[in-house]
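Below is the file data.txt, which contains compact mmCIF, C-alpha atoms and all ligand atoms.
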# COMPACT_ATOMS: atom_id res chain seq x y z
CA MET I 1 112.37 85.89 99.89
CA LYS I 2 109.55 83.53 99.00
CA PHE I 3 107.83 83.61 95.60
CA LEU I 4 104.82 81.90 94.07
CA TYR I 5 105.50 81.00 90.45
CA GLU I 6 102.76 80.57 87.88
CA LEU I 7 103.97 78.27 85.10
CA TYR I 8 102.57 78.49 81.59
CA PRO I 9 101.23 77.77 79.02
CA SER I 10 98.74 76.13 81.35
CA THR I 11 97.06 74.17 78.60
CA ASN I 12 96.65 73.48 74.95
CA LEU I 13 93.39 71.81 74.10
CA ASN I 14 94.96 69.75 71.35
CA GLU I 15 98.64 69.60 72.19
CA ALA I 16 100.78 68.29 75.02
CA VAL I 17 101.28 70.93 77.66
CA ASN I 18 104.87 72.04 78.01
CA LYS I 19 105.25 74.67 80.69
CA THR I 20 108.44 76.52 79.87
CA VAL I 21 107.89 80.03 81.23
CA SER I 22 106.88 81.43 84.58
CA THR I 23 105.94 84.63 86.35
CA GLY I 24 106.90 85.00 90.00
CA PHE I 25 104.97 86.86 92.67
CA GLN I 26 106.83 87.66 95.87
CA ILE I 27 104.85 86.52 98.90
CA SER I 28 104.99 89.01 101.73
CA LYS I 29 102.27 87.09 103.56
CA THR I 30 100.23 83.94 103.01
CA LEU I 31 96.67 84.76 104.01
CA TYR I 32 95.11 81.43 103.08
CA SER I 33 96.36 78.14 101.75
CA GLY I 34 94.06 75.16 101.50
CA SER I 35 92.28 72.86 99.13
CA SER I 36 88.76 71.81 98.24
CA ASP I 37 87.47 68.74 96.40
CA PHE I 38 88.23 70.63 93.20
CA GLN I 39 91.50 72.52 93.56
CA GLU I 40 94.18 74.19 95.65
CA VAL I 41 93.19 77.67 96.79
CA ASP I 42 95.78 80.25 97.85
CA VAL I 43 95.53 83.90 98.76
CA ILE I 44 98.85 85.65 99.12
CA GLU I 45 99.90 89.23 99.62
CA ASN I 46 102.35 90.76 97.16
CA PRO I 47 104.03 94.12 97.86
CA PHE I 48 103.07 95.52 94.44
CA TYR I 49 99.78 93.85 93.45
CA GLY I 50 98.26 93.53 96.93
CA ARG I 51 96.25 90.42 97.71
CA ALA I 52 96.12 87.79 94.99
CA LEU I 53 94.00 84.67 94.47
CA PHE I 54 95.50 81.55 92.89
CA LEU I 55 93.66 78.34 91.99
CA ASP I 56 95.92 75.34 91.40
CA ASN I 57 98.79 77.82 91.19
CA LEU I 58 97.12 79.70 88.31
CA MET I 59 96.73 83.45 88.83
CA MET I 60 93.07 84.41 89.03
CA THR I 61 92.99 87.97 90.28
CA THR I 62 94.83 90.64 92.26
CA GLU I 63 93.56 93.66 94.12
CA LYS I 64 95.60 96.03 91.97
CA ASP I 65 94.68 94.96 88.43
CA GLU I 66 91.43 92.95 88.82
CA PHE I 67 89.31 95.81 87.47
CA ILE I 68 90.76 95.38 83.98
CA TYR I 69 89.52 91.80 83.63
CA HIS I 70 86.21 92.27 85.44
CA GLU I 71 85.25 95.46 83.60
CA SER I 72 86.23 93.99 80.24
CA LEU I 73 84.23 90.80 80.64
CA THR I 74 81.16 92.63 81.96
CA HIS I 75 80.74 96.01 80.29
CA VAL I 76 81.55 95.13 76.69
CA PRO I 77 78.68 92.65 76.17
CA ILE I 78 76.28 94.73 78.30
CA SER I 79 76.88 97.72 76.03
CA ARG I 80 75.15 95.66 73.30
CA ILE I 81 71.94 94.95 75.30
CA LYS I 82 69.13 97.37 76.06
CA ASN I 83 68.27 97.32 79.77
CA PRO I 84 69.34 93.77 80.67
CA GLU I 85 67.44 92.20 83.57
CA ARG I 86 68.59 88.61 84.05
CA VAL I 87 72.22 87.54 84.06
CA LEU I 88 73.96 84.21 84.54
CA ILE I 89 77.61 84.04 85.63
CA ILE I 90 79.34 80.69 85.31
CA GLY I 91 82.36 80.63 87.63
CA GLY I 92 83.15 84.06 89.02
CA GLY I 93 83.41 82.86 92.62
CA ASP I 94 85.61 85.80 93.62
CA GLY I 95 82.61 88.08 93.03
CA GLY I 96 84.30 90.59 90.70
CA ILE I 97 81.85 90.12 87.83
CA ALA I 98 78.85 90.27 90.17
CA ARG I 99 80.20 93.56 91.56
CA GLU I 100 80.36 95.06 88.06
CA LEU I 101 76.85 93.83 87.17
CA CYS I 102 75.41 95.40 90.31
CA LYS I 103 76.31 98.82 88.84
CA TYR I 104 73.31 98.50 86.45
CA LYS I 105 69.92 99.50 87.84
CA SER I 106 68.05 97.54 85.14
CA ILE I 107 69.51 94.23 86.34
CA LYS I 108 67.09 92.39 88.62
CA GLU I 109 68.55 88.89 88.88
CA ILE I 110 72.16 87.70 88.91
CA ASN I 111 72.64 83.95 89.23
CA LEU I 112 76.27 83.16 90.03
CA VAL I 113 77.03 79.46 89.56
CA GLU I 114 80.37 78.52 91.08
CA ILE I 115 81.31 74.88 91.58
CA ASP I 116 83.72 75.53 94.44
CA GLU I 117 82.20 77.08 97.57
CA LEU I 118 85.69 77.53 99.03
CA VAL I 119 86.50 80.13 96.38
CA VAL I 120 83.50 82.20 97.47
CA THR I 121 84.23 81.79 101.20
CA VAL I 122 87.89 82.69 100.87
CA SER I 123 87.16 85.65 98.55
CA LYS I 124 84.58 87.07 100.95
CA GLU I 125 87.08 86.88 103.79
CA PHE I 126 90.32 87.94 102.12
CA LEU I 127 89.29 89.91 99.00
CA PRO I 128 86.47 92.11 100.31
CA SER I 129 86.94 94.84 97.69
CA ILE I 130 86.23 92.23 94.97
CA ALA I 131 83.70 90.00 96.75
CA CYS I 132 81.61 92.94 97.91
CA SER I 133 78.28 92.21 96.21
CA PHE I 134 77.27 88.84 97.62
CA ASN I 135 74.86 90.63 99.97
CA ASP I 136 73.13 92.47 97.14
CA PRO I 137 69.61 90.94 97.04
CA ARG I 138 69.87 90.51 93.27
CA VAL I 139 72.89 88.17 93.57
CA ASN I 140 72.09 84.48 94.07
CA PHE I 141 75.11 82.29 94.70
CA ILE I 142 74.41 78.75 93.52
CA CYS I 143 77.04 76.17 94.37
CA ALA I 144 76.81 73.82 91.40
CA ASP I 145 78.49 72.47 88.29
CA GLY I 146 78.13 75.26 85.71
CA ALA I 147 77.77 72.96 82.68
CA LYS I 148 75.05 70.91 84.39
CA TYR I 149 73.28 74.05 85.59
CA VAL I 150 73.14 75.46 82.08
CA GLU I 151 71.86 72.13 80.73
CA ASP I 152 69.01 72.15 83.26
CA SER I 153 68.05 75.82 82.80
CA ALA I 154 64.92 77.02 81.00
CA SER I 155 65.20 78.26 77.40
CA ASN I 156 65.04 81.97 76.44
CA TYR I 157 65.49 83.20 80.00
CA TYR I 158 68.70 85.26 80.25
CA ASP I 159 69.70 88.58 78.71
CA LEU I 160 73.35 87.88 79.35
CA VAL I 161 75.51 84.83 80.05
CA LEU I 162 79.09 85.44 81.22
CA ILE I 163 81.72 82.73 81.56
CA ASP I 164 84.30 83.72 84.16
CA SER I 165 86.17 80.45 84.11
CA SER I 166 89.65 79.35 84.95
CA ASP I 167 91.80 77.84 82.20
CA PRO I 168 90.63 74.85 80.14
CA VAL I 169 92.29 72.21 82.29
CA GLY I 170 90.76 69.21 84.07
CA PRO I 171 86.98 69.21 84.60
CA GLY I 172 86.75 72.91 83.58
CA ILE I 173 87.40 71.92 79.98
CA VAL I 174 83.66 71.34 79.42
CA LEU I 175 83.15 75.11 79.65
CA PHE I 176 85.03 75.46 76.35
CA GLN I 177 83.10 72.84 74.37
CA GLU I 178 80.39 73.04 71.73
CA LYS I 179 77.77 71.23 73.83
CA PHE I 180 78.08 73.78 76.63
CA TYR I 181 77.88 76.70 74.20
CA THR I 182 74.77 75.19 72.58
CA HIS I 183 72.99 75.26 75.94
CA CYS I 184 74.23 78.80 76.64
CA LYS I 185 72.67 79.88 73.36
CA ARG I 186 69.41 78.06 74.18
CA ILE I 187 68.96 79.78 77.56
CA LEU I 188 69.58 83.24 76.08
CA LYS I 189 66.79 85.46 74.79
CA THR I 190 66.91 86.29 71.07
CA ASP I 191 68.71 89.56 71.69
CA GLY I 192 70.85 88.09 74.47
CA GLN I 193 74.59 88.42 74.67
CA PHE I 194 77.26 85.92 75.68
CA ALA I 195 80.86 86.63 76.68
CA ALA I 196 83.68 84.44 77.93
CA GLN I 197 87.31 84.84 78.85
CA GLY I 198 89.36 83.49 75.96
CA MET I 199 92.91 83.04 77.31
CA GLY I 200 96.23 84.63 76.41
CA ALA I 201 96.90 85.45 72.76
CA PHE I 202 100.62 84.88 73.07
CA VAL I 203 100.66 81.64 75.02
CA GLU I 204 97.41 79.80 74.35
CA ALA I 205 97.00 80.14 70.58
CA ALA I 206 95.85 76.57 69.94
CA SER I 207 93.29 76.58 72.75
CA GLN I 208 92.08 79.99 71.67
CA LYS I 209 91.50 78.81 68.12
CA MET I 210 89.63 75.72 69.32
CA MET I 211 87.40 77.87 71.53
CA PHE I 212 86.70 80.28 68.67
CA GLN I 213 85.79 77.41 66.34
CA ASN I 214 83.44 75.89 68.91
CA LEU I 215 81.73 79.24 69.53
CA ASN I 216 81.33 79.76 65.79
CA LYS I 217 79.52 76.42 65.45
CA VAL I 218 76.85 77.79 67.78
CA PHE I 219 76.46 81.58 67.72
CA SER I 220 75.45 83.87 64.86
CA TYR I 221 78.41 86.12 65.48
CA VAL I 222 81.57 85.73 67.54
CA LYS I 223 83.64 88.85 68.12
CA PRO I 224 87.06 88.71 69.80
CA TYR I 225 88.21 91.65 71.88
CA TYR I 226 91.12 92.07 74.27
CA ALA I 227 92.50 93.71 77.37
CA VAL I 228 96.01 94.16 78.71
CA ILE I 229 96.11 92.42 82.07
CA PRO I 230 99.53 92.75 83.76
CA THR I 231 99.27 89.68 86.01
CA TYR I 232 98.03 87.20 83.39
CA PRO I 233 100.55 85.23 81.34
CA THR I 234 102.08 87.64 78.79
CA SER I 235 99.29 90.18 79.47
CA LEU I 236 97.51 90.18 76.10
CA TRP I 237 94.19 88.66 77.11
CA VAL I 238 91.33 87.72 74.79
CA PHE I 239 87.57 87.67 75.36
CA PHE I 240 84.80 86.55 73.03
CA ASN I 241 81.48 88.38 72.70
CA CYS I 242 78.79 86.37 70.94
CA SER I 243 75.13 86.69 70.05
CA ASN I 244 72.27 84.72 68.54
CA ASN I 245 70.85 87.68 66.73
CA ALA I 246 72.38 87.83 63.27
CA LYS I 247 70.28 90.93 62.49
CA GLN I 248 71.87 92.94 65.28
CA ASN I 249 74.92 94.93 64.25
CA PRO I 250 77.52 93.94 66.88
CA GLU I 251 79.20 97.32 66.48
CA THR I 252 76.15 99.23 67.74
CA ILE I 253 76.30 100.43 71.34
CA ILE I 254 72.82 100.42 72.85
CA ASN I 255 73.39 100.60 76.59
CA GLU I 256 75.24 103.25 78.57
CA LEU I 257 78.19 102.55 80.83
CA PRO I 258 77.95 103.16 84.55
CA GLU I 259 79.99 106.15 85.72
CA GLU I 260 82.74 104.97 88.02
CA LEU I 261 84.77 102.64 85.76
CA LYS I 262 88.56 102.52 85.78
CA TYR I 263 89.35 100.68 82.52
CA ILE I 264 86.50 100.59 79.99
CA ASN I 265 85.31 103.92 78.59
CA LYS I 266 82.92 105.02 75.88
CA ALA I 267 85.58 105.65 73.24
CA MET I 268 86.94 102.12 73.67
CA LEU I 269 83.51 100.58 73.22
CA SER I 270 83.16 101.94 69.68
CA ALA I 271 86.36 100.24 68.57
CA VAL I 272 86.36 97.32 70.96
CA TYR I 273 86.44 94.65 68.25
CA ALA I 274 89.53 96.15 66.61
CA VAL I 275 92.11 93.63 67.76
CA PRO I 276 95.83 93.18 67.10
CA GLN I 277 96.73 91.06 64.09
CA ILE I 278 98.26 88.34 66.29
CA ILE I 279 94.80 87.58 67.64
CA LEU I 280 93.29 87.39 64.16
CA GLU I 281 96.11 85.05 63.10
CA ASN I 282 95.43 82.79 66.09
CA LEU I 283 91.82 82.46 65.05
CA LYS I 284 92.39 81.64 61.37
N1 LIG V 1 94.70 82.18 83.36
C1 LIG V 1 93.78 82.91 84.13
C2 LIG V 1 92.41 82.92 83.61
C3 LIG V 1 91.53 83.40 84.69
C4 LIG V 1 90.21 83.78 84.28
N2 LIG V 1 89.31 83.96 85.39
C5 LIG V 1 89.73 84.81 86.42
C6 LIG V 1 88.73 84.95 87.50
C7 LIG V 1 88.58 86.36 87.90
N3 LIG V 1 87.27 86.63 88.35
What do you get writing this file as structure tokens?
Amino acid sequence: MKFLYELYPSTNLNEAVNKTVSTGFQISKTLYSGSSDFQEVDVIENPFYGRALFLDNLMMTTEKDEFIYHESLTHVPISRIKNPERVLIIGGGDGGIARELCKYKSIKEINLVEIDELVVTVSKEFLPSIACSFNDPRVNFICADGAKYVEDSASNYYDLVLIDSSDPVGPGIVLFQEKFYTHCKRILKTDGQFAAQGMGAFVEAASQKMMFQNLNKVFSYVKPYYAVIPTYPTSLWVFFNCSNNAKQNPETIINELPEELKYINKAMLSAVYAVPQIILENLK
């Protein structure tokens, strides 16, 4: 039996990485295995989770549990914006976030900036239930460096900026730094919302704290929330929801959820910033 093992912690922004734990995924079939200028890209089939995408041997998404991550990153910040129209996704080449955004009628423009075209190509071919919105006329795939794209974008343009990044390793580390967040804030409208994946609470405490500190240097409020994602290292996964508008009460829900969700529901949204103590300790 052949397995693909993800080793972690994958990074610590201020400590030497020492990968001492792993999760194995049995490979019943390898659907794609190749590499781009940026990374190794693999799509395997696992008997339990279905098809799964790995980048540089880091688990990105599986058919069976992808909805938890994609719904969490999308619908929590949108619930704090009235009728959003323009959205920027940095990363997100598998298309899962774009699919969730397309559920909102008010959204007119979704710019998806993914540095690695191979991720989009492979996802369209092998993960069609996730990469199913690239043909929606509102979705514009832009193959570019996300940090550079944000730097070059006009101010006060977006209602929502979502960072669907991989882990803070290699060139992707810029997506966790203060300079990048400053530009994200600049391109958001006053009432705009920002959200980013914030790594595993159990395994990436130091990186998580660094990210939180950098976000706090820039945004008026920074609210951690979490989801339980079975295929991510140790499952307890953190997101950060941020805004420029200090006058807005982050607890107030001002936009309704679309109907057909499988993870996020209305009751969760009211208490979404109530997080386990371990997360609060990480961020101290
Ligand atoms: N350690 C895994 C972090 C992955 C975050 N991005 C996943 C991409 C799914 N669209």
task = Between I:Asp167, I:Glu281, I:Asp145, I:Glu260, single out the one closest to Ala201 of chain I, counting all atoms listed in the file.
result = I:Glu281
Near ligand LIG 1 (chain V), 6 Å: chain I residue rows, closest pairs, only C-alpha atoms and all ligand atoms, as JSON lines:
{"residue": "I:Met59", "atom": "CA", "partner": "V:LIG1", "partner_atom": "C1", "distance": 5.6}
{"residue": "I:Met60", "atom": "CA", "partner": "V:LIG1", "partner_atom": "C5", "distance": 4.3}
{"residue": "I:Thr61", "atom": "CA", "partner": "V:LIG1", "partner_atom": "C7", "distance": 5.3}
{"residue": "I:Gly92", "atom": "CA", "partner": "V:LIG1", "partner_atom": "N3", "distance": 4.9}
{"residue": "I:Asp94", "atom": "CA", "partner": "V:LIG1", "partner_atom": "N3", "distance": 5.6}
{"residue": "I:Gly96", "atom": "CA", "partner": "V:LIG1", "partner_atom": "N3", "distance": 5.5}
{"residue": "I:Asp164", "atom": "CA", "partner": "V:LIG1", "partner_atom": "N2", "distance": 5.2}
{"residue": "I:Ser165", "atom": "CA", "partner": "V:LIG1", "partner_atom": "N2", "distance": 4.9}
{"residue": "I:Ser166", "atom": "CA", "partner": "V:LIG1", "partner_atom": "C3", "distance": 4.5}
{"residue": "I:Asp167", "atom": "CA", "partner": "V:LIG1", "partner_atom": "C2", "distance": 5.3}
Might I get the box with edges along x, y and z of the file that holds all atoms of segment 1-11 of chain I listed there, padded by 5 Å on every side, given as centre and edge lengths in Å to one decimal, as lines of an AutoDock Vina configuration file?
center_x = 104.7
center_y = 80.0
center_z = 89.2
size_x = 25.3
size_y = 21.7
size_z = 31.3
task = Would you mind listing what lies within 12 Å of Val21 of chain I as a ChimeraX atom specification, with all atoms listed in the file counted and same-chain residues fewer than 6 positions away left out?
result = /I:5-10,202-203,233-234
Go ahead and save the residues from that selection, with C-alpha atoms, as a short mmCIF file (atom, residue, chain, number, x, y, z; two decimals), keeping the file's coordinate frame.
data_model
loop_
_atom_site.label_atom_id
_atom_site.label_comp_id
_atom_site.auth_asym_id
_atom_site.auth_seq_id
_atom_site.Cartn_x
_atom_site.Cartn_y
_atom_site.Cartn_z
CA TYR I 5 105.50 81.00 90.45
CA GLU I 6 102.76 80.57 87.88
CA LEU I 7 103.97 78.27 85.10
CA TYR I 8 102.57 78.49 81.59
CA PRO I 9 101.23 77.77 79.02
CA SER I 10 98.74 76.13 81.35
CA PHE I 202 100.62 84.88 73.07
CA VAL I 203 100.66 81.64 75.02
CA PRO I 233 100.55 85.23 81.34
CA THR I 234 102.08 87.64 78.79
#
key: Close residues, Pro84 of chain I itself excluded, 7 Å, all atoms listed in the file, min 3 positions apart in chain, as a list in words   =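 Near Pro84 of chain I, the qualifying residues are Ile81, Ser106, Ile107 and Asp159 of chain I.
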Write out the residues from the selection above, keeping C-alpha atoms, as a compact mmCIF listing (two decimals), in the frame of the given file.
# COMPACT_ATOMS: atom_id res chain seq x y z
CA ILE I 81 71.94 94.95 75.30
CA SER I 106 68.05 97.54 85.14
CA ILE I 107 69.51 94.23 86.34
CA ASP I 159 69.70 88.58 78.71
request  = For atom CA of Val17 of chain I and atom CA of Val169 of chain I, quote the distance in Å rounded to one decimal.
outcome  =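 So the answer is 10.2 Å.
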key: Long-range neighbours of Phe176 of chain I as a list of chain:residue names, 10 Å cut-off, all atoms listed in the file, 5 positions minimum in chain   =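 Counting all atoms listed in the file, the residues come to I:Leu13, I:Ala147, I:Ile163, I:Ser165, I:Asp167, I:Pro168, I:Val169, I:Tyr181, I:Ala196, I:Gln197, I:Gly198, I:Ser207, I:Gln208, I:Met210, I:Met211, I:Phe212, I:Asn214, I:Leu215.
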Can I get the selection written as a PDB file, in the frame of the given file, with C-alpha atoms?
ATOM      1  CA  LEU I  13      93.390  71.810  74.100  1.00  0.00           C
ATOM      2  CA  ALA I 147      77.770  72.960  82.680  1.00  0.00           C
ATOM      3  CA  ILE I 163      81.720  82.730  81.560  1.00  0.00           C
ATOM      4  CA  SER I 165      86.170  80.450  84.110  1.00  0.00           C
ATOM      5  CA  ASP I 167      91.800  77.840  82.200  1.00  0.00           C
ATOM      6  CA  PRO I 168      90.630  74.850  80.140  1.00  0.00           C
ATOM      7  CA  VAL I 169      92.290  72.210  82.290  1.00  0.00           C
ATOM      8  CA  TYR I 181      77.880  76.700  74.200  1.00  0.00           C
ATOM      9  CA  ALA I 196      83.680  84.440  77.930  1.00  0.00           C
ATOM     10  CA  GLN I 197      87.310  84.840  78.850  1.00  0.00           C
ATOM     11  CA  GLY I 198      89.360  83.490  75.960  1.00  0.00           C
ATOM     12  CA  SER I 207      93.290  76.580  72.750  1.00  0.00           C
ATOM     13  CA  GLN I 208      92.080  79.990  71.670  1.00  0.00           C
ATOM     14  CA  MET I 210      89.630  75.720  69.320  1.00  0.00           C
ATOM     15  CA  MET I 211      87.400  77.870  71.530  1.00  0.00           C
ATOM     16  CA  PHE I 212      86.700  80.280  68.670  1.00  0.00           C
ATOM     17  CA  ASN I 214      83.440  75.890  68.910  1.00  0.00           C
ATOM     18  CA  LEU I 215      81.730  79.240  69.530  1.00  0.00           C
TER      19      LEU I 215
END
task = Quote the spacing between atom CA of Leu257 of chain I and atom CA of Glu63 of chain I in Å to one decimal place.
result =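 We find that atom CA of Leu257 of chain I and atom CA of Glu63 of chain I lie 22.2 Å from each other.
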task = Between I:Ser129, I:Asn255, I:Gln39, I:Asn265, single out the one closest to Arg51 of chain I, counting only C-alpha atoms.
result = I:Ser129
remark   = atom CA of Glu204 of chain I to atom CA of Asn18 of chain I measures 11.4 Å
request  = Would you mind telling me which residue in I:Gly170, I:Pro137, I:Pro47, I:Gly34 lies nearest to Val122 of chain I when using only C-alpha atoms?
outcome  = I:Gly34
query = From the list I:Gln177, I:Val76, I:Asn245, I:Phe126, which residue is nearest Ala267 of chain I when using all atoms listed in the file?
reply =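 Of the candidates, the smallest distance to Ala267 of chain I is held by I:Val76.
Using all atoms listed in the file, the contacts of Phe3 of chain I at a cut-off of 7 Å, with sequence neighbours closer than 3 positions omitted, comprise Gly24, Phe25, Gln26 and Ile27 of chain I.
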request  = Could you give me, as a ChimeraX atom specification, the residues within 8 Å of Glu100 of chain I, counting all atoms listed in the file and dropping anything in the same chain fewer than 6 positions from it?
outcome  = /I:70-71,74-75
query = Got a sec to check which residues sit within 12 Å of (84.8, 89.1, 90.2), counting only C-alpha atoms, and write them as a VMD selection string?
reply = chain I and resid 53 60 to 63 65 to 74 89 to 102 112 114 119 to 120 123 to 124 127 to 134 162 to 165
